[in-house]
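input_35.txt (compact mmCIF, C-alpha atoms) appears below.
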# COMPACT_ATOMS: atom_id res chain seq x y z
CA MET A 1 -25.64 4.18 -43.21
CA SER A 2 -23.03 3.56 -40.59
CA TRP A 3 -20.82 0.60 -39.83
CA THR A 4 -21.71 -1.65 -36.89
CA ARG A 5 -19.31 -2.24 -34.03
CA ASP A 6 -18.49 -5.65 -35.48
CA GLU A 7 -17.81 -4.16 -38.91
CA MET A 8 -15.50 -1.58 -37.31
CA ALA A 9 -13.70 -4.35 -35.42
CA ALA A 10 -13.40 -6.44 -38.59
CA ARG A 11 -11.88 -3.47 -40.42
CA ALA A 12 -9.32 -3.02 -37.64
CA ALA A 13 -8.55 -6.75 -37.81
CA ARG A 14 -7.46 -6.31 -41.45
CA GLU A 15 -4.50 -4.31 -40.09
CA LEU A 16 -3.18 -7.38 -38.27
CA GLU A 17 -0.16 -9.05 -39.83
CA ASP A 18 1.08 -12.58 -39.39
CA GLY A 19 3.32 -12.86 -36.35
CA PHE A 20 2.15 -9.64 -34.70
CA TYR A 21 1.97 -9.23 -30.93
CA VAL A 22 -1.14 -7.15 -30.26
CA ASN A 23 -2.82 -5.48 -27.29
CA LEU A 24 -6.59 -4.94 -27.57
CA GLY A 25 -8.27 -2.39 -25.31
CA ILE A 26 -11.44 -2.96 -23.32
CA GLY A 27 -14.82 -2.58 -25.10
CA ILE A 28 -15.21 -2.55 -28.91
CA PRO A 29 -11.46 -3.16 -29.44
CA THR A 30 -11.85 -6.56 -27.74
CA LEU A 31 -14.15 -7.56 -30.65
CA VAL A 32 -11.16 -7.33 -33.01
CA GLY A 33 -10.07 -10.71 -31.63
CA ASN A 34 -13.19 -12.31 -33.19
CA HIS A 35 -12.21 -11.16 -36.70
CA ILE A 36 -8.60 -12.23 -37.09
CA PRO A 37 -8.26 -13.07 -40.82
CA PRO A 38 -7.61 -16.71 -41.76
CA GLY A 39 -3.92 -17.47 -42.19
CA VAL A 40 -2.89 -14.61 -39.91
CA ASP A 41 -1.41 -15.75 -36.61
CA VAL A 42 -1.31 -13.10 -33.90
CA THR A 43 -0.51 -13.32 -30.19
CA LEU A 44 -2.70 -11.20 -27.93
CA GLN A 45 -1.08 -9.51 -24.96
CA SER A 46 -2.91 -8.47 -21.81
CA GLU A 47 -1.06 -5.86 -19.81
CA ASN A 48 -1.76 -7.46 -16.42
CA GLY A 49 0.83 -10.06 -17.42
CA ILE A 50 -0.32 -12.55 -20.06
CA LEU A 51 1.23 -13.07 -23.46
CA GLY A 52 -1.00 -15.40 -25.50
CA LEU A 53 -4.61 -14.80 -24.40
CA GLY A 54 -7.04 -17.65 -24.99
CA PRO A 55 -10.85 -17.50 -25.35
CA PHE A 56 -13.31 -17.17 -22.47
CA PRO A 57 -13.48 -20.37 -20.39
CA THR A 58 -16.37 -22.80 -20.20
CA ASP A 59 -18.06 -22.86 -16.82
CA ALA A 60 -15.88 -25.79 -15.76
CA GLU A 61 -12.67 -24.11 -16.92
CA VAL A 62 -13.08 -20.88 -14.92
CA ASP A 63 -9.90 -20.11 -12.95
CA ALA A 64 -9.83 -16.97 -10.78
CA ASP A 65 -6.07 -16.72 -11.32
CA ILE A 66 -6.47 -16.30 -15.10
CA ILE A 67 -7.98 -12.91 -15.94
CA ASN A 68 -7.36 -10.32 -18.64
CA ALA A 69 -6.85 -6.58 -18.23
CA GLY A 70 -10.64 -6.11 -18.21
CA LYS A 71 -10.75 -8.45 -15.17
CA GLN A 72 -12.64 -11.01 -17.28
CA THR A 73 -11.95 -14.71 -16.84
CA ILE A 74 -10.08 -16.14 -19.83
CA THR A 75 -8.04 -19.23 -20.71
CA GLU A 76 -4.48 -19.98 -21.70
CA LEU A 77 -3.14 -21.40 -24.98
CA ASP A 78 -0.21 -23.67 -25.72
CA ARG A 79 1.89 -20.54 -26.41
CA THR A 80 0.89 -18.65 -23.25
CA SER A 81 3.44 -17.17 -20.88
CA TYR A 82 2.80 -15.25 -17.67
CA VAL A 83 4.95 -12.30 -16.67
CA SER A 84 5.05 -9.68 -13.93
CA SER A 85 3.48 -6.27 -14.49
CA ALA A 86 6.98 -4.75 -14.83
CA ASP A 87 7.93 -7.23 -17.58
CA SER A 88 4.55 -6.79 -19.26
CA PHE A 89 5.01 -3.03 -19.49
CA GLY A 90 8.62 -3.59 -20.48
CA MET A 91 7.20 -5.31 -23.59
CA ILE A 92 4.89 -2.36 -24.15
CA ARG A 93 7.25 0.51 -23.35
CA GLY A 94 10.14 -1.22 -25.10
CA GLY A 95 8.30 -1.26 -28.43
CA HIS A 96 7.95 -5.05 -28.62
CA ILE A 97 4.18 -4.93 -29.18
CA GLN A 98 3.43 -4.08 -32.82
CA LEU A 99 -0.13 -2.86 -32.58
CA SER A 100 -2.71 -1.69 -30.08
CA VAL A 101 -6.40 -1.01 -30.73
CA LEU A 102 -8.02 1.39 -28.27
CA GLY A 103 -11.23 3.32 -27.73
CA ALA A 104 -11.24 7.13 -27.53
CA MET A 105 -13.30 10.08 -26.36
CA GLU A 106 -11.44 12.50 -28.68
CA VAL A 107 -8.62 12.44 -31.23
CA ALA A 108 -6.97 15.63 -32.49
CA GLU A 109 -5.76 16.25 -36.04
CA ASN A 110 -2.15 16.08 -34.77
CA GLY A 111 -2.74 12.58 -33.34
CA ASP A 112 -3.28 13.58 -29.71
CA LEU A 113 -5.57 11.16 -27.88
CA ALA A 114 -7.94 11.70 -24.94
CA ASN A 115 -9.54 8.61 -23.47
CA TRP A 116 -9.08 8.56 -19.72
CA MET A 117 -11.02 11.26 -17.93
CA VAL A 118 -13.85 13.75 -18.18
CA PRO A 119 -13.43 16.75 -15.84
CA GLY A 120 -16.24 16.97 -13.32
CA LYS A 121 -16.95 13.25 -13.52
CA MET A 122 -15.41 10.71 -11.19
CA ILE A 123 -11.81 10.12 -12.20
CA LYS A 124 -11.12 6.42 -12.52
CA GLY A 125 -7.48 6.65 -13.54
CA PRO A 126 -5.50 5.98 -16.71
CA GLY A 127 -4.86 2.28 -16.07
CA GLY A 128 -2.42 1.14 -18.76
CA ALA A 129 -3.67 3.44 -21.54
CA MET A 130 -0.90 6.05 -21.23
CA ASP A 131 1.76 3.34 -21.26
CA LEU A 132 0.22 1.67 -24.31
CA VAL A 133 0.04 4.81 -26.43
CA ALA A 134 3.56 5.83 -25.41
CA GLY A 135 5.12 2.46 -26.12
CA VAL A 136 3.23 0.45 -28.75
CA ARG A 137 4.52 1.07 -32.27
CA ARG A 138 1.17 1.56 -34.01
CA ILE A 139 -2.09 2.79 -32.45
CA ILE A 140 -5.52 2.31 -34.03
CA VAL A 141 -8.49 4.09 -32.48
CA LEU A 142 -12.04 2.71 -32.73
CA MET A 143 -14.71 5.24 -31.81
CA ASP A 144 -18.08 6.67 -32.80
CA HIS A 145 -17.71 9.53 -35.25
CA VAL A 146 -19.70 11.96 -33.10
CA ASP A 147 -20.60 11.90 -29.40
CA LYS A 148 -24.15 11.51 -28.10
CA ASN A 149 -24.73 15.25 -28.50
CA GLY A 150 -23.66 15.09 -32.16
CA VAL A 151 -20.28 16.75 -31.50
CA ALA A 152 -17.36 15.62 -33.66
CA LYS A 153 -14.85 13.44 -31.79
CA PHE A 154 -12.09 13.90 -34.42
CA ARG A 155 -11.17 17.50 -33.64
CA LYS A 156 -8.67 20.32 -34.18
CA ASN A 157 -7.61 19.99 -30.55
CA CYS A 158 -8.69 17.68 -27.76
CA THR A 159 -10.77 19.45 -25.13
CA LEU A 160 -10.40 16.62 -22.58
CA PRO A 161 -7.21 15.78 -20.65
CA LEU A 162 -4.76 13.93 -22.90
CA THR A 163 -3.68 10.31 -22.70
CA GLY A 164 -0.78 10.94 -25.07
CA THR A 165 0.49 13.47 -27.61
CA ASN A 166 0.81 12.58 -31.32
CA VAL A 167 0.20 8.87 -30.79
CA VAL A 168 -2.65 7.89 -33.15
CA ASP A 169 -1.92 6.33 -36.57
CA MET A 170 -5.38 5.27 -37.73
CA ILE A 171 -8.97 6.14 -36.78
CA ILE A 172 -11.89 3.83 -37.55
CA THR A 173 -15.28 5.37 -36.77
CA ASN A 174 -18.78 4.14 -37.57
CA LEU A 175 -18.73 6.51 -40.60
CA ALA A 176 -15.17 6.80 -41.88
CA ILE A 177 -11.57 5.65 -41.81
CA PHE A 178 -8.61 8.01 -41.51
CA GLN A 179 -5.01 6.99 -41.80
CA ARG A 180 -1.59 8.58 -41.99
CA PRO A 181 1.68 7.06 -43.19
CA THR A 182 3.84 8.72 -40.51
CA ARG A 183 3.26 10.73 -37.37
CA GLN A 184 4.53 13.82 -39.20
CA SER A 185 1.78 13.64 -41.86
CA PRO A 186 -1.84 14.79 -41.71
CA PHE A 187 -4.62 12.21 -41.60
CA ARG A 188 -6.21 11.14 -44.89
CA LEU A 189 -9.77 9.99 -45.36
CA VAL A 190 -9.37 6.55 -46.94
CA ASP A 191 -12.86 5.05 -46.67
CA VAL A 192 -16.45 6.01 -45.85
CA ALA A 193 -19.43 3.95 -44.74
CA PRO A 194 -21.94 2.90 -47.44
CA GLY A 195 -24.01 5.85 -48.69
CA MET A 196 -21.69 8.45 -47.13
CA THR A 197 -19.66 10.94 -49.18
CA ALA A 198 -16.46 12.79 -48.35
CA GLN A 199 -18.59 15.92 -47.91
CA ASP A 200 -20.83 14.10 -45.41
CA ILE A 201 -17.69 13.32 -43.42
CA ARG A 202 -16.44 16.92 -43.63
CA ASP A 203 -19.80 18.09 -42.27
CA ARG A 204 -19.34 15.83 -39.24
CA THR A 205 -15.62 16.33 -38.57
CA GLU A 206 -13.81 19.26 -36.99
CA ALA A 207 -10.25 18.08 -37.71
CA TYR A 208 -8.29 18.92 -40.84
CA PHE A 209 -7.86 15.91 -43.13
CA GLU A 210 -6.91 15.19 -46.72
CA GLU A 211 -8.97 13.02 -49.06
CA ALA A 212 -7.58 9.79 -50.48
CA LEU A 213 -10.71 7.82 -51.32
CA MET B 1 18.43 -20.15 9.84
CA ALA B 2 16.28 -17.15 10.68
CA GLN B 3 12.72 -18.23 11.30
CA LYS B 4 10.56 -16.59 8.60
CA ILE B 5 7.39 -18.61 8.99
CA TYR B 6 4.76 -17.13 11.32
CA PRO B 7 1.68 -18.91 12.65
CA ASP B 8 -0.85 -16.43 11.27
CA ALA B 9 -1.29 -12.99 9.70
CA ALA B 10 -1.55 -11.09 12.99
CA ALA B 11 1.71 -12.64 14.19
CA ALA B 12 3.38 -11.94 10.84
CA LEU B 13 2.44 -8.24 11.09
CA ASP B 14 3.25 -7.91 14.79
CA GLY B 15 5.57 -4.99 15.49
CA LEU B 16 5.55 -3.77 11.89
CA LEU B 17 2.50 -1.49 11.93
CA ARG B 18 2.27 2.18 12.80
CA ASP B 19 -0.16 4.91 11.81
CA ASP B 20 0.63 6.99 8.69
CA MET B 21 2.93 4.36 7.19
CA VAL B 22 3.29 3.46 3.49
CA ILE B 23 2.14 -0.03 2.53
CA ALA B 24 2.58 -1.55 -0.94
CA ALA B 25 0.13 -4.34 -1.81
CA GLY B 26 0.28 -6.85 -4.66
CA GLY B 27 -2.57 -7.76 -6.98
CA PHE B 28 -4.40 -6.63 -10.12
CA GLY B 29 -8.10 -6.08 -9.60
CA LEU B 30 -9.02 -8.79 -7.10
CA CYS B 31 -6.53 -11.25 -8.64
CA GLY B 32 -3.48 -12.09 -6.56
CA ILE B 33 -4.33 -9.80 -3.65
CA PRO B 34 -3.13 -10.64 -0.13
CA GLU B 35 -6.64 -11.27 1.24
CA THR B 36 -5.54 -12.65 4.60
CA LEU B 37 -3.09 -9.83 5.37
CA ILE B 38 -5.62 -7.15 4.33
CA GLU B 39 -8.09 -8.66 6.80
CA ALA B 40 -5.39 -8.56 9.51
CA LEU B 41 -4.71 -4.88 8.71
CA VAL B 42 -8.42 -4.15 9.19
CA ALA B 43 -8.35 -5.95 12.54
CA SER B 44 -5.19 -4.11 13.63
CA GLY B 45 -6.88 -0.70 13.39
CA VAL B 46 -3.74 0.92 11.93
CA LYS B 47 -4.76 4.15 10.19
CA GLY B 48 -3.64 7.11 8.09
CA LEU B 49 -2.19 4.64 5.61
CA THR B 50 -0.76 5.48 2.21
CA VAL B 51 -1.40 2.37 0.13
CA VAL B 52 0.41 1.70 -3.14
CA SER B 53 -1.66 -0.74 -5.19
CA ASN B 54 -2.72 -0.85 -8.83
CA ASN B 55 -6.41 -0.91 -7.80
CA ALA B 56 -8.42 -0.17 -4.66
CA GLY B 57 -10.50 -3.34 -4.46
CA VAL B 58 -14.30 -3.32 -4.60
CA ASP B 59 -16.69 -2.02 -1.94
CA ASP B 60 -16.66 -5.10 0.28
CA PHE B 61 -13.55 -6.98 -0.79
CA GLY B 62 -9.81 -6.45 -1.02
CA LEU B 63 -8.55 -2.98 -0.14
CA GLY B 64 -12.18 -1.83 -0.17
CA LYS B 65 -12.38 -3.26 3.35
CA LEU B 66 -9.67 -0.88 4.56
CA LEU B 67 -11.39 2.02 2.81
CA ARG B 68 -14.68 1.25 4.53
CA THR B 69 -13.03 1.53 7.91
CA HIS B 70 -11.31 4.82 6.89
CA GLN B 71 -7.86 3.39 7.57
CA ILE B 72 -6.50 4.65 4.23
CA ARG B 73 -5.61 8.33 3.82
CA LYS B 74 -4.04 8.15 0.37
CA MET B 75 -3.93 5.70 -2.55
CA ILE B 76 -1.23 5.53 -5.22
CA SER B 77 -2.93 3.59 -8.02
CA SER B 78 -3.46 3.42 -11.77
CA TYR B 79 -7.19 2.66 -11.79
CA VAL B 80 -9.83 2.86 -9.05
CA GLY B 81 -13.02 2.62 -11.11
CA GLU B 82 -14.52 -0.42 -9.42
CA ASN B 83 -15.12 1.06 -5.99
CA LYS B 84 -18.15 3.21 -5.06
CA GLU B 85 -17.00 3.85 -1.50
CA PHE B 86 -13.70 5.08 -2.91
CA GLU B 87 -15.59 7.54 -5.08
CA ARG B 88 -17.64 8.78 -2.13
CA GLN B 89 -14.60 9.34 0.10
CA PHE B 90 -12.62 10.97 -2.70
CA LEU B 91 -15.41 13.40 -3.61
CA SER B 92 -15.92 14.34 0.05
CA GLY B 93 -12.19 15.06 0.42
CA GLU B 94 -11.55 12.28 2.96
CA LEU B 95 -9.24 10.41 0.64
CA GLU B 96 -6.30 11.50 -1.49
CA ILE B 97 -5.34 9.85 -4.77
CA GLU B 98 -2.11 9.91 -6.76
CA PHE B 99 -2.61 8.37 -10.19
CA SER B 100 0.35 6.62 -11.72
CA PRO B 101 0.04 4.98 -15.16
CA GLN B 102 0.02 1.21 -14.71
CA GLY B 103 3.40 0.50 -16.28
CA THR B 104 4.95 3.48 -14.56
CA LEU B 105 3.60 2.25 -11.22
CA ALA B 106 5.08 -1.22 -11.79
CA GLU B 107 8.42 0.30 -12.77
CA ARG B 108 8.39 2.72 -9.80
CA MET B 109 8.17 -0.24 -7.44
CA ARG B 110 10.72 -2.27 -9.40
CA ALA B 111 13.08 0.74 -9.30
CA GLY B 112 12.50 1.40 -5.61
CA GLY B 113 13.29 -2.22 -4.82
CA ALA B 114 16.42 -2.13 -6.97
CA GLY B 115 17.88 1.02 -5.43
CA ILE B 116 17.00 3.28 -8.33
CA PRO B 117 15.54 6.60 -7.09
CA GLY B 118 14.07 7.66 -10.44
CA PHE B 119 13.85 6.83 -14.11
CA TYR B 120 12.72 8.46 -17.35
CA THR B 121 9.74 7.20 -19.35
CA ARG B 122 7.83 8.43 -22.40
CA THR B 123 4.60 7.44 -20.65
CA GLY B 124 2.50 10.45 -19.69
CA TYR B 125 4.56 13.08 -21.53
CA GLY B 126 2.32 16.02 -22.41
CA THR B 127 -0.44 14.89 -20.02
CA GLN B 128 -1.55 15.87 -16.50
CA ILE B 129 0.55 13.00 -15.15
CA ALA B 130 3.73 14.86 -16.17
CA GLU B 131 2.77 18.16 -14.50
CA GLY B 132 5.47 19.33 -12.11
CA LYS B 133 7.86 16.57 -13.15
CA GLU B 134 11.23 17.02 -14.82
CA ILE B 135 11.21 16.48 -18.60
CA LYS B 136 14.37 15.43 -20.40
CA MET B 137 15.00 14.88 -24.08
CA PHE B 138 16.84 11.76 -25.23
CA ASP B 139 17.50 11.24 -28.95
CA GLY B 140 14.88 13.80 -29.90
CA GLU B 141 12.10 12.40 -27.71
CA ASN B 142 10.75 13.78 -24.44
CA TYR B 143 10.73 11.67 -21.29
CA VAL B 144 9.21 12.23 -17.85
CA LEU B 145 11.19 11.68 -14.64
CA GLU B 146 9.31 9.31 -12.34
CA ARG B 147 10.36 8.41 -8.79
CA GLY B 148 11.04 4.95 -7.44
CA ILE B 149 8.81 3.81 -4.58
CA VAL B 150 10.07 2.31 -1.33
CA ALA B 151 7.34 1.21 1.08
CA ASP B 152 7.59 0.79 4.86
CA LEU B 153 5.83 -2.54 4.44
CA SER B 154 4.97 -4.70 1.45
CA ILE B 155 2.30 -7.39 1.47
CA VAL B 156 2.04 -10.00 -1.27
CA LYS B 157 0.13 -13.15 -2.15
CA ALA B 158 1.99 -16.15 -3.55
CA TRP B 159 0.95 -19.63 -4.57
CA LYS B 160 3.83 -21.49 -2.93
CA GLY B 161 6.47 -20.45 -0.48
CA ASP B 162 9.26 -22.28 1.35
CA PRO B 163 10.87 -21.63 4.76
CA TYR B 164 13.56 -19.47 3.13
CA GLY B 165 10.92 -17.08 1.77
CA ASN B 166 11.32 -18.20 -1.83
CA LEU B 167 8.03 -17.60 -3.67
CA VAL B 168 6.24 -18.92 -6.72
CA PHE B 169 3.16 -17.12 -8.03
CA ARG B 170 0.33 -18.67 -10.00
CA LYS B 171 -0.64 -17.60 -13.54
CA SER B 172 -1.91 -14.01 -13.87
CA ALA B 173 -2.03 -13.69 -10.06
CA ARG B 174 1.68 -12.86 -10.37
CA ASN B 175 1.04 -9.33 -11.73
CA PHE B 176 2.42 -6.69 -9.32
CA ASN B 177 3.43 -9.11 -6.56
CA PRO B 178 7.11 -9.56 -7.56
CA MET B 179 7.80 -5.81 -7.67
CA VAL B 180 5.83 -5.17 -4.50
CA ALA B 181 7.91 -7.84 -2.76
CA THR B 182 11.13 -6.01 -3.67
CA CYS B 183 10.11 -2.46 -2.70
CA GLY B 184 9.21 -3.02 0.96
CA ARG B 185 11.63 -2.28 3.79
CA VAL B 186 9.90 -5.34 5.25
CA THR B 187 7.94 -7.76 3.09
CA VAL B 188 5.33 -10.17 4.40
CA ALA B 189 4.01 -12.88 2.09
CA GLU B 190 0.89 -15.00 2.49
CA VAL B 191 1.07 -18.26 0.60
CA GLU B 192 -1.59 -20.72 -0.46
CA GLU B 193 0.78 -23.57 0.17
CA LEU B 194 3.82 -23.80 2.45
CA VAL B 195 6.33 -26.29 1.15
CA GLY B 196 9.45 -27.75 2.72
CA PRO B 197 13.09 -26.83 2.05
CA GLY B 198 14.18 -27.87 -1.43
CA GLU B 199 10.67 -28.53 -2.67
CA LEU B 200 10.63 -25.51 -5.00
CA GLU B 201 12.61 -25.93 -8.20
CA PRO B 202 15.43 -23.30 -7.94
CA ASP B 203 15.06 -22.45 -11.62
CA GLN B 204 11.33 -21.76 -11.21
CA ILE B 205 11.40 -19.37 -8.23
CA HIS B 206 9.85 -15.99 -9.10
CA THR B 207 10.81 -14.07 -5.94
CA PRO B 208 13.93 -15.20 -4.08
CA GLY B 209 13.82 -15.25 -0.27
CA VAL B 210 16.12 -12.24 0.15
CA PHE B 211 13.08 -10.05 -0.52
CA VAL B 212 10.76 -11.80 1.95
CA GLN B 213 11.26 -11.39 5.69
CA ARG B 214 8.10 -13.07 6.93
CA LEU B 215 5.58 -15.50 5.54
CA MET B 216 2.49 -17.35 6.67
CA LEU B 217 -0.13 -19.70 5.33
CA ALA B 218 -3.03 -17.78 3.77
CA THR B 219 -6.33 -18.62 5.44
CA ARG B 220 -8.40 -16.53 3.02
CA ASN B 221 -8.28 -17.71 -0.58
CA GLU B 222 -11.72 -16.62 -1.73
CA LYS B 223 -10.29 -15.24 -5.01
CA ARG B 224 -13.42 -13.38 -5.89
CA ILE B 225 -13.97 -12.92 -9.64
CA GLU B 226 -14.95 -9.44 -10.89
CA GLN B 227 -16.10 -10.38 -14.41
CA ARG B 228 -17.09 -13.99 -14.76
CA THR B 229 -17.15 -14.36 -18.55
CA ILE B 230 -17.81 -17.78 -20.00
CA ARG B 231 -18.43 -19.33 -23.39
CA GLN B 232 -21.23 -21.84 -23.76
CA GLU B 233 -19.71 -24.87 -25.44
CA ALA B 234 -16.24 -26.25 -25.96
CA ILE B 235 -14.56 -24.84 -29.06

Before we go any further, please render this structure as structure tokens.
Amino acid sequence: MSWTRDEMAARAARELEDGFYVNLGIGIPTLVGNHIPPGVDVTLQSENGILGLGPFPTDAEVDADIINAGKQTITELDRTSYVSSADSFGMIRGGHIQLSVLGAMEVAENGDLANWMVPGKMIKGPGGAMDLVAGVRRIIVLMDHVDKNGVAKFRKNCTLPLTGTNVVDMIITNLAIFQRPTRQSPFRLVDVAPGMTAQDIRDRTEAYFEEAL
Amino acid sequence: MAQKIYPDAAAALDGLLRDDMVIAAGGFGLCGIPETLIEALVASGVKGLTVVSNNAGVDDFGLGKLLRTHQIRKMISSYVGENKEFERQFLSGELEIEFSPQGTLAERMRAGGAGIPGFYTRTGYGTQIAEGKEIKMFDGENYVLERGIVADLSIVKAWKGDPYGNLVFRKSARNFNPMVATCGRVTVAEVEELVGPGELEPDQIHTPGVFVQRLMLATRNEKRIEQRTIRQEAI
């Protein structure tokens, strides 16, 4: 059995703490916003210059001047502020954003992350990913445990060009959860999907990790 | 008072354009892009351009229009994934690209406009972006030296502007526009609304007129939406 995308997002949402400022990446990480636990108040940041992202608009509310970093139309809240791109990345680079949830192609056992380009394929560019991993205090990665060819994505070393070195704190895959208390420690397996064992995870993982189930 | 208001985009760009120049353009995706001035650049035929802009537009809108006409030689951007024509020209070697991480790009323009030739950032350390760049350690952490950007010409889109060149942007259409406005040797702004002297609240001005040499009323405000995402009922 493996966790669904929504279950992965819900697990990541449990890491949110009251009062956090959070940046959610495009794709599965965006789903985290649907699972914010009751009683926890977080402010979502979008790196194109919005602090306090609201929900998608109704048809009548659509405003072309209010978009998120995924270029989707969104709305503002009573707490919303707009800033320039320089100020937005000042928040990120300056360590004022507590948590970011991102997707990944590969994570290495030392916390290196690759999520921006595949050699030989069209290069789209890093966008804000390199800035986020370099500046946000805690980085959670949501990804499938293995790629579509069955190859482990949590590896000894990344084979793809890096987005950042030693930047990942927690990995939530569809099969397992790995965490580490500091960026000097190895990752520990802290949870597995229903029906999976630690050995099942070892069989599907190339990276070194300790067990703390 | 120097006359900063021009009758249209062609007049506002008159005498400023030459082949192989560097142009910085505001906007994120298709939001807050100077649509009217881009159209005037297409009409001008200026070519060999290096364009500094977070994105490269889409095939038939925004900077994509200048790509179609092969007027751009090089882009300095953080993300160009929305443009098929870009991909075609890049793969055939007609177009050069310099990727700059988004926050680094914003800071490079802010620095350039503020007289700062370079700055150190953690962003990109240990990645391809840092290759060939000076690395310096501060307090036990490695930082990459990135250069400030000064453009020959900057073009921005604002919501409101007054005869002094003071600008106010609207919501997330602000994005890169304030930094772009500062980093041009000459900056031309297109505004959705021209207002009279004193009509902008001094405390609310985003870009003061010192950074804007010319402005004109925008005649293109299509504001195309890339991802129209809606929810069904009111929450």

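In this model, the gap between CA of Met109 in chain B and CA of Ile149 in chain B comes to 5.0 Å.
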
Could you please tell me, as a compact mmCIF listing (two decimals) with C-alpha atoms, keeping the file's coordinate frame, which residues of chain B have an atom within 6 Å of chain A when using only C-alpha atoms?
# COMPACT_ATOMS: atom_id res chain seq x y z
CA SER B 78 -3.46 3.42 -11.77
CA TYR B 79 -7.19 2.66 -11.79
CA VAL B 80 -9.83 2.86 -9.05
CA GLY B 81 -13.02 2.62 -11.11
CA PRO B 101 0.04 4.98 -15.16
CA GLN B 102 0.02 1.21 -14.71
CA GLY B 103 3.40 0.50 -16.28
CA ALA B 106 5.08 -1.22 -11.79
CA GLU B 107 8.42 0.30 -12.77
CA ARG B 122 7.83 8.43 -22.40
CA THR B 123 4.60 7.44 -20.65
CA GLY B 124 2.50 10.45 -19.69
CA THR B 127 -0.44 14.89 -20.02
CA LYS B 171 -0.64 -17.60 -13.54
CA SER B 172 -1.91 -14.01 -13.87
CA ALA B 173 -2.03 -13.69 -10.06
CA ARG B 174 1.68 -12.86 -10.37
CA ASN B 175 1.04 -9.33 -11.73
CA PHE B 176 2.42 -6.69 -9.32
CA ILE B 225 -13.97 -12.92 -9.64
CA GLN B 227 -16.10 -10.38 -14.41
CA ARG B 228 -17.09 -13.99 -14.76
CA THR B 229 -17.15 -14.36 -18.55
CA ILE B 230 -17.81 -17.78 -20.00
CA ARG B 231 -18.43 -19.33 -23.39

Show which residues sit within 10 Å of Leu213 in chain A, as a ChimeraX atom specification. Count all atoms listed in the file, and ignore same-chain residues fewer than 3 positions away. /A:177,188-192,197-198,210

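Between CA of Gln3 in chain B and CA of Glu39 in chain B lies a distance of 23.3 Å.
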
List the residues sitting within 12 Å of (-16.0, -1.5, -38.8) in the file's frame, using all atoms listed in the file, as a PyMOL selection string. chain A and resi 2-15+28-29+31-32+35+141-145+171-177+191-194

Would you put the residues from that selection into a file with C-alpha atoms, as a PDB file, in the frame of the given file?
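Output saved as selection.pdb:
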ATOM      1  CA  SER A   2     -23.030   3.560 -40.590  1.00  0.00           C
ATOM      2  CA  TRP A   3     -20.820   0.600 -39.830  1.00  0.00           C
ATOM      3  CA  THR A   4     -21.710  -1.650 -36.890  1.00  0.00           C
ATOM      4  CA  ARG A   5     -19.310  -2.240 -34.030  1.00  0.00           C
ATOM      5  CA  ASP A   6     -18.490  -5.650 -35.480  1.00  0.00           C
ATOM      6  CA  GLU A   7     -17.810  -4.160 -38.910  1.00  0.00           C
ATOM      7  CA  MET A   8     -15.500  -1.580 -37.310  1.00  0.00           C
ATOM      8  CA  ALA A   9     -13.700  -4.350 -35.420  1.00  0.00           C
ATOM      9  CA  ALA A  10     -13.400  -6.440 -38.590  1.00  0.00           C
ATOM     10  CA  ARG A  11     -11.880  -3.470 -40.420  1.00  0.00           C
ATOM     11  CA  ALA A  12      -9.320  -3.020 -37.640  1.00  0.00           C
ATOM     12  CA  ALA A  13      -8.550  -6.750 -37.810  1.00  0.00           C
ATOM     13  CA  ARG A  14      -7.460  -6.310 -41.450  1.00  0.00           C
ATOM     14  CA  GLU A  15      -4.500  -4.310 -40.090  1.00  0.00           C
ATOM     15  CA  ILE A  28     -15.210  -2.550 -28.910  1.00  0.00           C
ATOM     16  CA  PRO A  29     -11.460  -3.160 -29.440  1.00  0.00           C
ATOM     17  CA  LEU A  31     -14.150  -7.560 -30.650  1.00  0.00           C
ATOM     18  CA  VAL A  32     -11.160  -7.330 -33.010  1.00  0.00           C
ATOM     19  CA  HIS A  35     -12.210 -11.160 -36.700  1.00  0.00           C
ATOM     20  CA  VAL A 141      -8.490   4.090 -32.480  1.00  0.00           C
ATOM     21  CA  LEU A 142     -12.040   2.710 -32.730  1.00  0.00           C
ATOM     22  CA  MET A 143     -14.710   5.240 -31.810  1.00  0.00           C
ATOM     23  CA  ASP A 144     -18.080   6.670 -32.800  1.00  0.00           C
ATOM     24  CA  HIS A 145     -17.710   9.530 -35.250  1.00  0.00           C
ATOM     25  CA  ILE A 171      -8.970   6.140 -36.780  1.00  0.00           C
ATOM     26  CA  ILE A 172     -11.890   3.830 -37.550  1.00  0.00           C
ATOM     27  CA  THR A 173     -15.280   5.370 -36.770  1.00  0.00           C
ATOM     28  CA  ASN A 174     -18.780   4.140 -37.570  1.00  0.00           C
ATOM     29  CA  LEU A 175     -18.730   6.510 -40.600  1.00  0.00           C
ATOM     30  CA  ALA A 176     -15.170   6.800 -41.880  1.00  0.00           C
ATOM     31  CA  ILE A 177     -11.570   5.650 -41.810  1.00  0.00           C
ATOM     32  CA  ASP A 191     -12.860   5.050 -46.670  1.00  0.00           C
ATOM     33  CA  VAL A 192     -16.450   6.010 -45.850  1.00  0.00           C
ATOM     34  CA  ALA A 193     -19.430   3.950 -44.740  1.00  0.00           C
ATOM     35  CA  PRO A 194     -21.940   2.900 -47.440  1.00  0.00           C
TER      36      PRO A 194
END

Residue with the minimum atom-to-atom distance to Val168 in chain A, picked from A:Val118, A:Asn149, A:Glu109, A:Ile97 with only C-alpha atoms counted, is A:Glu109

For Ser100 in chain A, list every protein, DNA or RNA residue within 8 Å, evaluated using only C-alpha atoms, and leave out those in the same chain fewer than 6 positions away; present the list as an MDAnalysis selection string. chainID A and resid 22:25 132:133 136 138:140
